[in-house]
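> Got a structure for you, written out below as C-alpha cells; questions coming shortly.
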Amino acid sequence: MTGDLDAATFQARLWAQARPEQREAYRRYFPGDESFIGVRMGAVFALAKEFLAMPLTEIEALLESPVHEDRAGACSVMGKSATHKRVTPERQHGLYDLYLRRHDRIDDWDLVDLAAHQVLGTWLLDRPRDPLYALARSDAWPQRRSAIVATAAFLKHGQVAETLAIARLLVDDPYDLVHKGTGWMLRYAGQVDRPALLAFLGEHTATMPRAMLRAAVEKLEPDERAAYLSAHRDNQTRDP
C-alpha cells in the first residue's frame, strides 16, 4: 500500500486534472506566479485525503516540486494528517520537524494557511511556544505568517495570550500578507476573548497597518468598526 502513496503517484493523479482555464484563474489571484498548472484546490484537497499516510520522505519530495499545486497537496496532507484522530505522536513530531526544516518550500500565504496551525500549533499546544517567537522574528515573511497563523490551534482551546503576544511582534511588520494573517488571527481572538481584543486595539489601533486593523475588526458591530477605522485614519492624517 505504501508504494501507492508516493509523490509520483500523487502528481500523476493531480496533473491529470489540470485545466487551462483554471490556470488563467490563478494568474488573477497570484499575479506573476507561473508555478500553477491549473488544478482546482478542491481537487487538491480531495486527493490529499487519500494520501494521509504518505511517508515523510514522499511529502518532502512533493514540497520539492516547482508546481504550486504539488506543494499545496503536500501541505494539505501534512495539515490533515497532523490532526487526524488516529495520528501518532511520532507522526505529528515528524510532520512538525519537516514543516520547519523545509519552510523554504512553504513559501506563499496559501501554503502556510494549509498547515501552520495544524502542524505547528497542534504540536506546540502542550509544549513551550518558543519556536513560534523565533519564526515571528525571521527575515522571511512566510515564516512570520506561520508564527501567527499557528496560534489558531491555541485559540481553538480558548488560549489568546500567544496570539496577542506574537501580534505585538508583528504590528510593525512591513509585509502586507503578514498584516492580513495577523488581522485574521486577531479577529479570531476577539471571538474567543472580546475584552482582550479590545484592549489590544486600544493599544495599537492608531499605528497598526490598516489591512491588519480592517481584518481584526471585521466581526465587530458596524459602529465600533467604523470608530476604529476612523481613529486609524485620523492618526495617519496627522502624521507628518
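Residue names in the C-alpha cells use chain letters A, B, ... in the order shown, residue numbers from 1 in each chain, and ligand numbers from 1 in the order shown.
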Would you mind listing, for every residue of segment 44-121 of chain A within 10 Å of segment 130-137 of chain A, the two atoms forming the shortest contact and the distance between them in Å to one decimal, using only C-alpha atoms, sorted by chain and ascending residue number, as CSV?

```
residue,atom,partner,partner_atom,distance
A:Leu100,CA,A:Leu135,CA,9.3
A:Leu120,CA,A:Leu132,CA,8.4
A:Gly121,CA,A:Leu132,CA,8.8
```
> Could I get the residues of segment 103-191 of chain A with an atom no further than 12 Å from an atom of segment 63-81 of chain A, each paired with its nearest atom pair and that distance in Å to one decimal, using only C-alpha atoms, sorted by chain and residue number, as a tab-separated table?

```
residue	atom	partner	partner_atom	distance
A:His103	CA	A:Leu63	CA	9.4
A:Asp104	CA	A:Leu63	CA	9.3
A:Arg105	CA	A:Leu63	CA	5.9
A:Ile106	CA	A:Arg71	CA	7.5
A:Asp107	CA	A:Arg71	CA	9.5
A:Asp108	CA	A:His68	CA	9.4
A:Trp109	CA	A:Ala72	CA	10.6
A:Asp110	CA	A:Ala72	CA	7.7
A:Leu111	CA	A:Ala72	CA	5.7
A:Val112	CA	A:Cys75	CA	7.9
A:Asp113	CA	A:Cys75	CA	8.8
A:Leu114	CA	A:Ser76	CA	5.7
A:Ala115	CA	A:Gly79	CA	4.3
A:Ala116	CA	A:Gly79	CA	7.5
A:His117	CA	A:Gly79	CA	7.9
A:Gln118	CA	A:Gly79	CA	5.1
A:Val119	CA	A:Gly79	CA	5.7
A:Leu120	CA	A:Gly79	CA	9.2
A:Gly121	CA	A:Gly79	CA	10.4
A:Thr122	CA	A:Gly79	CA	9.7
A:Trp123	CA	A:Gly79	CA	11.3
A:Ala150	CA	A:Gly79	CA	11.2
A:Ala153	CA	A:Gly79	CA	11.7
```
> Deliver the residues from the most recent selection as a file, using N, CA, C and O atoms, as a PDB file, in the first residue's frame.

```pdb
ATOM      1  N   HIS A 103      10.715  24.874   5.420  1.00  0.00           N
ATOM      2  CA  HIS A 103       9.878  26.070   5.295  1.00  0.00           C
ATOM      3  C   HIS A 103      10.246  26.865   4.042  1.00  0.00           C
ATOM      4  O   HIS A 103       9.447  27.663   3.553  1.00  0.00           O
ATOM      5  N   ASP A 104      11.433  26.624   3.516  1.00  0.00           N
ATOM      6  CA  ASP A 104      11.815  27.297   2.268  1.00  0.00           C
ATOM      7  C   ASP A 104      10.883  26.937   1.123  1.00  0.00           C
ATOM      8  O   ASP A 104      10.745  27.700   0.155  1.00  0.00           O
ATOM      9  N   ARG A 105      10.214  25.779   1.204  1.00  0.00           N
ATOM     10  CA  ARG A 105       9.284  25.349   0.158  1.00  0.00           C
ATOM     11  C   ARG A 105       7.834  25.683   0.510  1.00  0.00           C
ATOM     12  O   ARG A 105       6.942  25.529  -0.308  1.00  0.00           O
ATOM     13  N   ILE A 106       7.612  26.129   1.730  1.00  0.00           N
ATOM     14  CA  ILE A 106       6.284  26.602   2.149  1.00  0.00           C
ATOM     15  C   ILE A 106       6.385  28.117   2.103  1.00  0.00           C
ATOM     16  O   ILE A 106       6.594  28.793   3.112  1.00  0.00           O
ATOM     17  N   ASP A 107       6.270  28.643   0.886  1.00  0.00           N
ATOM     18  CA  ASP A 107       6.729  29.993   0.630  1.00  0.00           C
ATOM     19  C   ASP A 107       5.658  30.940   0.105  1.00  0.00           C
ATOM     20  O   ASP A 107       5.972  31.985  -0.459  1.00  0.00           O
ATOM     21  N   ASP A 108       4.383  30.584   0.305  1.00  0.00           N
ATOM     22  CA  ASP A 108       3.310  31.506  -0.061  1.00  0.00           C
ATOM     23  C   ASP A 108       2.208  31.420   0.984  1.00  0.00           C
ATOM     24  O   ASP A 108       2.147  30.451   1.761  1.00  0.00           O
ATOM     25  N   TRP A 109       1.348  32.432   1.005  1.00  0.00           N
ATOM     26  CA  TRP A 109       0.362  32.529   2.086  1.00  0.00           C
ATOM     27  C   TRP A 109      -0.586  31.339   2.142  1.00  0.00           C
ATOM     28  O   TRP A 109      -0.937  30.872   3.230  1.00  0.00           O
ATOM     29  N   ASP A 110      -0.990  30.828   0.982  1.00  0.00           N
ATOM     30  CA  ASP A 110      -1.948  29.730   0.992  1.00  0.00           C
ATOM     31  C   ASP A 110      -1.318  28.443   1.505  1.00  0.00           C
ATOM     32  O   ASP A 110      -1.974  27.640   2.174  1.00  0.00           O
ATOM     33  N   LEU A 111      -0.033  28.252   1.231  1.00  0.00           N
ATOM     34  CA  LEU A 111       0.659  27.062   1.718  1.00  0.00           C
ATOM     35  C   LEU A 111       0.799  27.114   3.239  1.00  0.00           C
ATOM     36  O   LEU A 111       0.586  26.115   3.934  1.00  0.00           O
ATOM     37  N   VAL A 112       1.145  28.275   3.756  1.00  0.00           N
ATOM     38  CA  VAL A 112       1.212  28.455   5.211  1.00  0.00           C
ATOM     39  C   VAL A 112      -0.136  28.145   5.852  1.00  0.00           C
ATOM     40  O   VAL A 112      -0.231  27.393   6.837  1.00  0.00           O
ATOM     41  N   ASP A 113      -1.201  28.698   5.269  1.00  0.00           N
ATOM     42  CA  ASP A 113      -2.515  28.567   5.886  1.00  0.00           C
ATOM     43  C   ASP A 113      -3.053  27.146   5.848  1.00  0.00           C
ATOM     44  O   ASP A 113      -3.926  26.785   6.644  1.00  0.00           O
ATOM     45  N   LEU A 114      -2.531  26.328   4.941  1.00  0.00           N
ATOM     46  CA  LEU A 114      -2.972  24.940   4.848  1.00  0.00           C
ATOM     47  C   LEU A 114      -2.438  24.065   5.974  1.00  0.00           C
ATOM     48  O   LEU A 114      -3.001  23.002   6.251  1.00  0.00           O
ATOM     49  N   ALA A 115      -1.352  24.484   6.613  1.00  0.00           N
ATOM     50  CA  ALA A 115      -0.715  23.550   7.550  1.00  0.00           C
ATOM     51  C   ALA A 115      -0.194  24.156   8.842  1.00  0.00           C
ATOM     52  O   ALA A 115       0.047  23.416   9.789  1.00  0.00           O
ATOM     53  N   ALA A 116      -0.002  25.465   8.914  1.00  0.00           N
ATOM     54  CA  ALA A 116       0.686  26.037  10.079  1.00  0.00           C
ATOM     55  C   ALA A 116      -0.011  25.728  11.393  1.00  0.00           C
ATOM     56  O   ALA A 116       0.624  25.289  12.359  1.00  0.00           O
ATOM     57  N   HIS A 117      -1.323  25.954  11.457  1.00  0.00           N
ATOM     58  CA  HIS A 117      -1.958  25.744  12.764  1.00  0.00           C
ATOM     59  C   HIS A 117      -2.130  24.268  13.081  1.00  0.00           C
ATOM     60  O   HIS A 117      -2.022  23.854  14.234  1.00  0.00           O
ATOM     61  N   GLN A 118      -2.331  23.427  12.036  1.00  0.00           N
ATOM     62  CA  GLN A 118      -2.481  22.004  12.300  1.00  0.00           C
ATOM     63  C   GLN A 118      -1.155  21.353  12.675  1.00  0.00           C
ATOM     64  O   GLN A 118      -1.091  20.536  13.591  1.00  0.00           O
ATOM     65  N   VAL A 119      -0.093  21.700  11.953  1.00  0.00           N
ATOM     66  CA  VAL A 119       1.198  21.035  12.165  1.00  0.00           C
ATOM     67  C   VAL A 119       1.982  21.688  13.296  1.00  0.00           C
ATOM     68  O   VAL A 119       2.421  21.007  14.232  1.00  0.00           O
ATOM     69  N   LEU A 120       2.177  22.996  13.212  1.00  0.00           N
ATOM     70  CA  LEU A 120       2.969  23.681  14.249  1.00  0.00           C
ATOM     71  C   LEU A 120       2.152  23.873  15.521  1.00  0.00           C
ATOM     72  O   LEU A 120       2.582  23.511  16.616  1.00  0.00           O
ATOM     73  N   GLY A 121       0.981  24.476  15.377  1.00  0.00           N
ATOM     74  CA  GLY A 121       0.191  24.801  16.559  1.00  0.00           C
ATOM     75  C   GLY A 121      -0.237  23.583  17.350  1.00  0.00           C
ATOM     76  O   GLY A 121      -0.159  23.572  18.581  1.00  0.00           O
ATOM     77  N   THR A 122      -0.677  22.532  16.644  1.00  0.00           N
ATOM     78  CA  THR A 122      -1.122  21.332  17.355  1.00  0.00           C
ATOM     79  C   THR A 122       0.022  20.690  18.130  1.00  0.00           C
ATOM     80  O   THR A 122      -0.152  20.255  19.276  1.00  0.00           O
ATOM     81  N   TRP A 123       1.221  20.627  17.529  1.00  0.00           N
ATOM     82  CA  TRP A 123       2.354  20.020  18.223  1.00  0.00           C
ATOM     83  C   TRP A 123       2.765  20.832  19.446  1.00  0.00           C
ATOM     84  O   TRP A 123       3.157  20.287  20.477  1.00  0.00           O
ATOM     85  N   ALA A 150      -0.201  29.800  13.214  1.00  0.00           N
ATOM     86  CA  ALA A 150      -0.106  28.620  14.071  1.00  0.00           C
ATOM     87  C   ALA A 150      -0.891  28.778  15.361  1.00  0.00           C
ATOM     88  O   ALA A 150      -1.366  27.791  15.937  1.00  0.00           O
ATOM     89  N   ALA A 153      -4.452  27.150  16.585  1.00  0.00           N
ATOM     90  CA  ALA A 153      -4.619  25.924  17.371  1.00  0.00           C
ATOM     91  C   ALA A 153      -4.839  26.246  18.842  1.00  0.00           C
ATOM     92  O   ALA A 153      -5.616  25.562  19.529  1.00  0.00           O
TER      93      ALA A 153
END
```
> Write out as a PyMOL selection string all residues of segment 163-232 of chain A that DSSP puts in helix (DSSP H, G or I) for this structure's backbone.
chain A and resi 163-170+176-192+194-204+210-216+222-232
> Which neighbours of Asp4 of chain A fall inside 12 Å, counting only C-alpha atoms, when residues of the same chain fewer than 3 positions from it are skipped, and could you give them as a compact mmCIF listing (two decimals) with N, CA, C and O atoms, in the first residue's frame?

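Wrote it out as out.txt, contents follow:
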```txt
# COMPACT_ATOMS: atom_id res chain seq x y z
N MET A 1 0.82 -1.20 0.00
CA MET A 1 0.00 0.00 0.00
C MET A 1 0.86 1.26 0.00
O MET A 1 0.56 2.25 -0.65
N ALA A 7 5.07 10.27 -4.02
CA ALA A 7 4.89 11.58 -4.64
C ALA A 7 4.56 11.45 -6.12
O ALA A 7 3.73 12.20 -6.65
N ALA A 8 5.19 10.50 -6.80
CA ALA A 8 4.95 10.35 -8.24
C ALA A 8 3.50 9.98 -8.53
O ALA A 8 2.89 10.49 -9.49
N THR A 9 2.92 9.09 -7.71
CA THR A 9 1.52 8.71 -7.90
C THR A 9 0.60 9.89 -7.65
O THR A 9 -0.36 10.14 -8.40
N PHE A 10 0.88 10.62 -6.59
CA PHE A 10 0.09 11.82 -6.28
C PHE A 10 0.14 12.80 -7.46
O PHE A 10 -0.90 13.30 -7.91
N GLN A 11 1.34 13.06 -7.96
CA GLN A 11 1.49 14.02 -9.06
C GLN A 11 0.76 13.55 -10.32
O GLN A 11 0.09 14.35 -10.98
N ALA A 12 0.87 12.29 -10.64
CA ALA A 12 0.22 11.78 -11.85
C ALA A 12 -1.30 11.97 -11.77
O ALA A 12 -1.93 12.40 -12.75
N ARG A 13 -1.87 11.67 -10.63
CA ARG A 13 -3.31 11.82 -10.47
C ARG A 13 -3.72 13.30 -10.43
O ARG A 13 -4.78 13.68 -10.95
N GLU A 50 -6.76 11.14 0.47
CA GLU A 50 -6.43 9.75 0.14
C GLU A 50 -4.97 9.41 0.46
O GLU A 50 -4.59 8.24 0.41
N PHE A 51 -4.17 10.43 0.75
CA PHE A 51 -2.74 10.23 0.94
C PHE A 51 -2.28 10.61 2.35
O PHE A 51 -1.13 10.99 2.56
N LEU A 52 -3.16 10.50 3.32
CA LEU A 52 -2.82 10.93 4.68
C LEU A 52 -1.67 10.12 5.28
O LEU A 52 -0.97 10.61 6.16
N ALA A 53 -1.47 8.89 4.81
CA ALA A 53 -0.38 8.06 5.33
C ALA A 53 0.88 8.18 4.48
O ALA A 53 1.81 7.38 4.65
N MET A 54 0.95 9.15 3.61
CA MET A 54 2.14 9.33 2.77
C MET A 54 3.38 9.46 3.64
O MET A 54 3.40 10.24 4.60
N PRO A 55 4.44 8.70 3.35
CA PRO A 55 5.67 8.81 4.13
C PRO A 55 6.26 10.22 4.08
O PRO A 55 6.09 10.95 3.09
N GLU A 58 8.22 11.17 1.05
CA GLU A 58 7.44 11.44 -0.15
C GLU A 58 6.77 12.81 -0.07
O GLU A 58 6.63 13.51 -1.07
```
> Name the residues in contact with segment 29-38 of chain A at a cut-off of 6 Å, using only C-alpha atoms, excluding same-chain residues fewer than 6 positions from it; report them as a list in words.
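The filter keeps Ala18, Arg19, Pro20, Gln22, Arg23, Val67 and His68 of chain A.
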> I need the residues from that last selection saved to file as a tab-separated table (two decimals), in the first residue's frame (with all heavy atoms), if you can.

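Below is the file that was written, again17.tsv:
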```tsv
chain	number	residue	atom	x	y	z
A	18	ALA	N	-5.44	18.96	-14.45
A	18	ALA	CA	-5.07	20.34	-14.80
A	18	ALA	C	-5.91	20.84	-15.97
A	18	ALA	O	-6.13	20.11	-16.94
A	18	ALA	CB	-3.59	20.42	-15.13
A	19	ARG	N	-6.36	22.10	-15.87
A	19	ARG	CA	-7.15	22.71	-16.93
A	19	ARG	C	-6.64	24.12	-17.22
A	19	ARG	O	-6.36	24.88	-16.28
A	19	ARG	CB	-8.63	22.80	-16.51
A	19	ARG	CG	-9.28	21.44	-16.23
A	19	ARG	CD	-9.44	20.62	-17.51
A	19	ARG	NE	-10.09	19.35	-17.27
A	19	ARG	CZ	-9.45	18.21	-17.01
A	19	ARG	NH1	-8.12	18.20	-16.93
A	19	ARG	NH2	-10.11	17.08	-16.80
A	20	PRO	N	-6.53	24.49	-18.50
A	20	PRO	CA	-6.00	25.83	-18.86
A	20	PRO	C	-6.81	26.97	-18.25
A	20	PRO	O	-6.25	27.98	-17.82
A	20	PRO	CB	-6.09	25.83	-20.39
A	20	PRO	CG	-6.11	24.41	-20.79
A	20	PRO	CD	-6.81	23.67	-19.69
A	22	GLN	N	-8.42	27.05	-15.46
A	22	GLN	CA	-8.12	27.21	-14.03
A	22	GLN	C	-6.76	27.87	-13.85
A	22	GLN	O	-6.57	28.68	-12.93
A	22	GLN	CB	-8.14	25.85	-13.33
A	22	GLN	CG	-7.95	25.94	-11.82
A	22	GLN	CD	-9.01	26.76	-11.13
A	22	GLN	OE1	-10.20	26.60	-11.36
A	22	GLN	NE2	-8.59	27.68	-10.27
A	23	ARG	N	-5.83	27.57	-14.72
A	23	ARG	CA	-4.52	28.23	-14.64
A	23	ARG	C	-4.68	29.73	-14.86
A	23	ARG	O	-4.03	30.53	-14.18
A	23	ARG	CB	-3.57	27.64	-15.67
A	23	ARG	CG	-2.13	28.12	-15.48
A	23	ARG	CD	-1.18	27.51	-16.47
A	23	ARG	NE	0.19	27.83	-16.12
A	23	ARG	CZ	1.21	27.75	-16.95
A	23	ARG	NH1	1.02	27.33	-18.19
A	23	ARG	NH2	2.42	28.08	-16.56
A	67	VAL	N	5.86	22.91	-8.96
A	67	VAL	CA	4.43	23.10	-9.23
A	67	VAL	C	3.70	23.46	-7.94
A	67	VAL	O	3.79	22.75	-6.93
A	67	VAL	CB	3.83	21.81	-9.84
A	67	VAL	CG1	2.32	21.93	-9.96
A	67	VAL	CG2	4.46	21.54	-11.20
A	68	HIS	N	2.97	24.57	-7.99
A	68	HIS	CA	2.32	25.08	-6.78
A	68	HIS	C	1.31	24.07	-6.23
A	68	HIS	O	1.25	23.85	-5.01
A	68	HIS	CB	1.61	26.40	-7.08
A	68	HIS	CG	1.18	27.14	-5.87
A	68	HIS	ND1	1.90	28.20	-5.34
A	68	HIS	CD2	0.11	26.98	-5.05
A	68	HIS	CE1	1.28	28.66	-4.26
A	68	HIS	NE2	0.19	27.93	-4.07
```
> Please, which residues in segment 79-181 of chain A fall within 10 Å of segment 211-218 of chain A when counting only C-alpha atoms, and what is the closest atom pair and distance in Å to one decimal for each, ordered by chain then residue number, as JSON lines?

```
{"residue": "A:Ala167", "atom": "CA", "partner": "A:Met212", "partner_atom": "CA", "distance": 9.8}
{"residue": "A:Leu170", "atom": "CA", "partner": "A:Met212", "partner_atom": "CA", "distance": 9.9}
{"residue": "A:Val171", "atom": "CA", "partner": "A:Met212", "partner_atom": "CA", "distance": 8.1}
{"residue": "A:Asp176", "atom": "CA", "partner": "A:Ala211", "partner_atom": "CA", "distance": 7.3}
{"residue": "A:Leu177", "atom": "CA", "partner": "A:Ala211", "partner_atom": "CA", "distance": 9.0}
{"residue": "A:Val178", "atom": "CA", "partner": "A:Met212", "partner_atom": "CA", "distance": 8.3}
{"residue": "A:His179", "atom": "CA", "partner": "A:Met212", "partner_atom": "CA", "distance": 4.6}
{"residue": "A:Lys180", "atom": "CA", "partner": "A:Met212", "partner_atom": "CA", "distance": 5.2}
{"residue": "A:Gly181", "atom": "CA", "partner": "A:Met212", "partner_atom": "CA", "distance": 7.7}
```
> Please produce a file of those selected residues containing N, CA, C and O atoms, as a short mmCIF file (atom, residue, chain, number, x, y, z; two decimals), in the first residue's frame.

```
data_model
loop_
_atom_site.label_atom_id
_atom_site.label_comp_id
_atom_site.auth_asym_id
_atom_site.auth_seq_id
_atom_site.Cartn_x
_atom_site.Cartn_y
_atom_site.Cartn_z
N ALA A 167 1.22 38.90 17.78
CA ALA A 167 0.70 40.04 17.02
C ALA A 167 1.44 41.32 17.38
O ALA A 167 1.70 42.16 16.51
N LEU A 170 4.48 41.60 15.43
CA LEU A 170 4.27 41.77 14.00
C LEU A 170 3.51 43.06 13.66
O LEU A 170 3.26 43.32 12.48
N VAL A 171 3.17 43.84 14.66
CA VAL A 171 2.33 45.01 14.41
C VAL A 171 3.02 46.04 13.53
O VAL A 171 2.35 46.86 12.87
N ASP A 176 2.49 43.03 3.62
CA ASP A 176 1.03 43.02 3.60
C ASP A 176 0.43 41.67 3.97
O ASP A 176 -0.57 41.59 4.69
N LEU A 177 1.03 40.57 3.49
CA LEU A 177 0.46 39.26 3.76
C LEU A 177 0.64 38.84 5.21
O LEU A 177 -0.09 37.99 5.71
N VAL A 178 1.60 39.43 5.89
CA VAL A 178 1.72 39.23 7.34
C VAL A 178 0.66 40.06 8.05
O VAL A 178 0.05 39.61 9.03
N HIS A 179 0.43 41.29 7.57
CA HIS A 179 -0.63 42.13 8.15
C HIS A 179 -1.97 41.39 8.12
O HIS A 179 -2.69 41.34 9.11
N LYS A 180 -2.31 40.83 6.95
CA LYS A 180 -3.61 40.18 6.79
C LYS A 180 -3.72 38.93 7.66
O LYS A 180 -4.77 38.67 8.26
N GLY A 181 -2.65 38.14 7.73
CA GLY A 181 -2.67 36.95 8.57
C GLY A 181 -2.81 37.30 10.04
O GLY A 181 -3.54 36.64 10.80
#
```
> Counting only C-alpha atoms, what is within 8 Å of Thr151 of chain A, bar same-chain residues fewer than 2 positions away, as a list in words?
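Residues meeting the cut-off are His117, Gly121, Ala147, Ile148, Val149, Ala153, Phe154, Leu155, Glu162, Thr163 and Met185 of chain A.
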> How far is it from atom CA of Lys156 of chain A to atom CA of Val192 of chain A, in Å with one decimal?
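Those two atoms sit 8.3 Å apart.
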> Mind giving me the straight-line distance from atom CA of Glu203 of chain A to atom CA of Leu125 of chain A in Å, one decimal?
27.1 Å
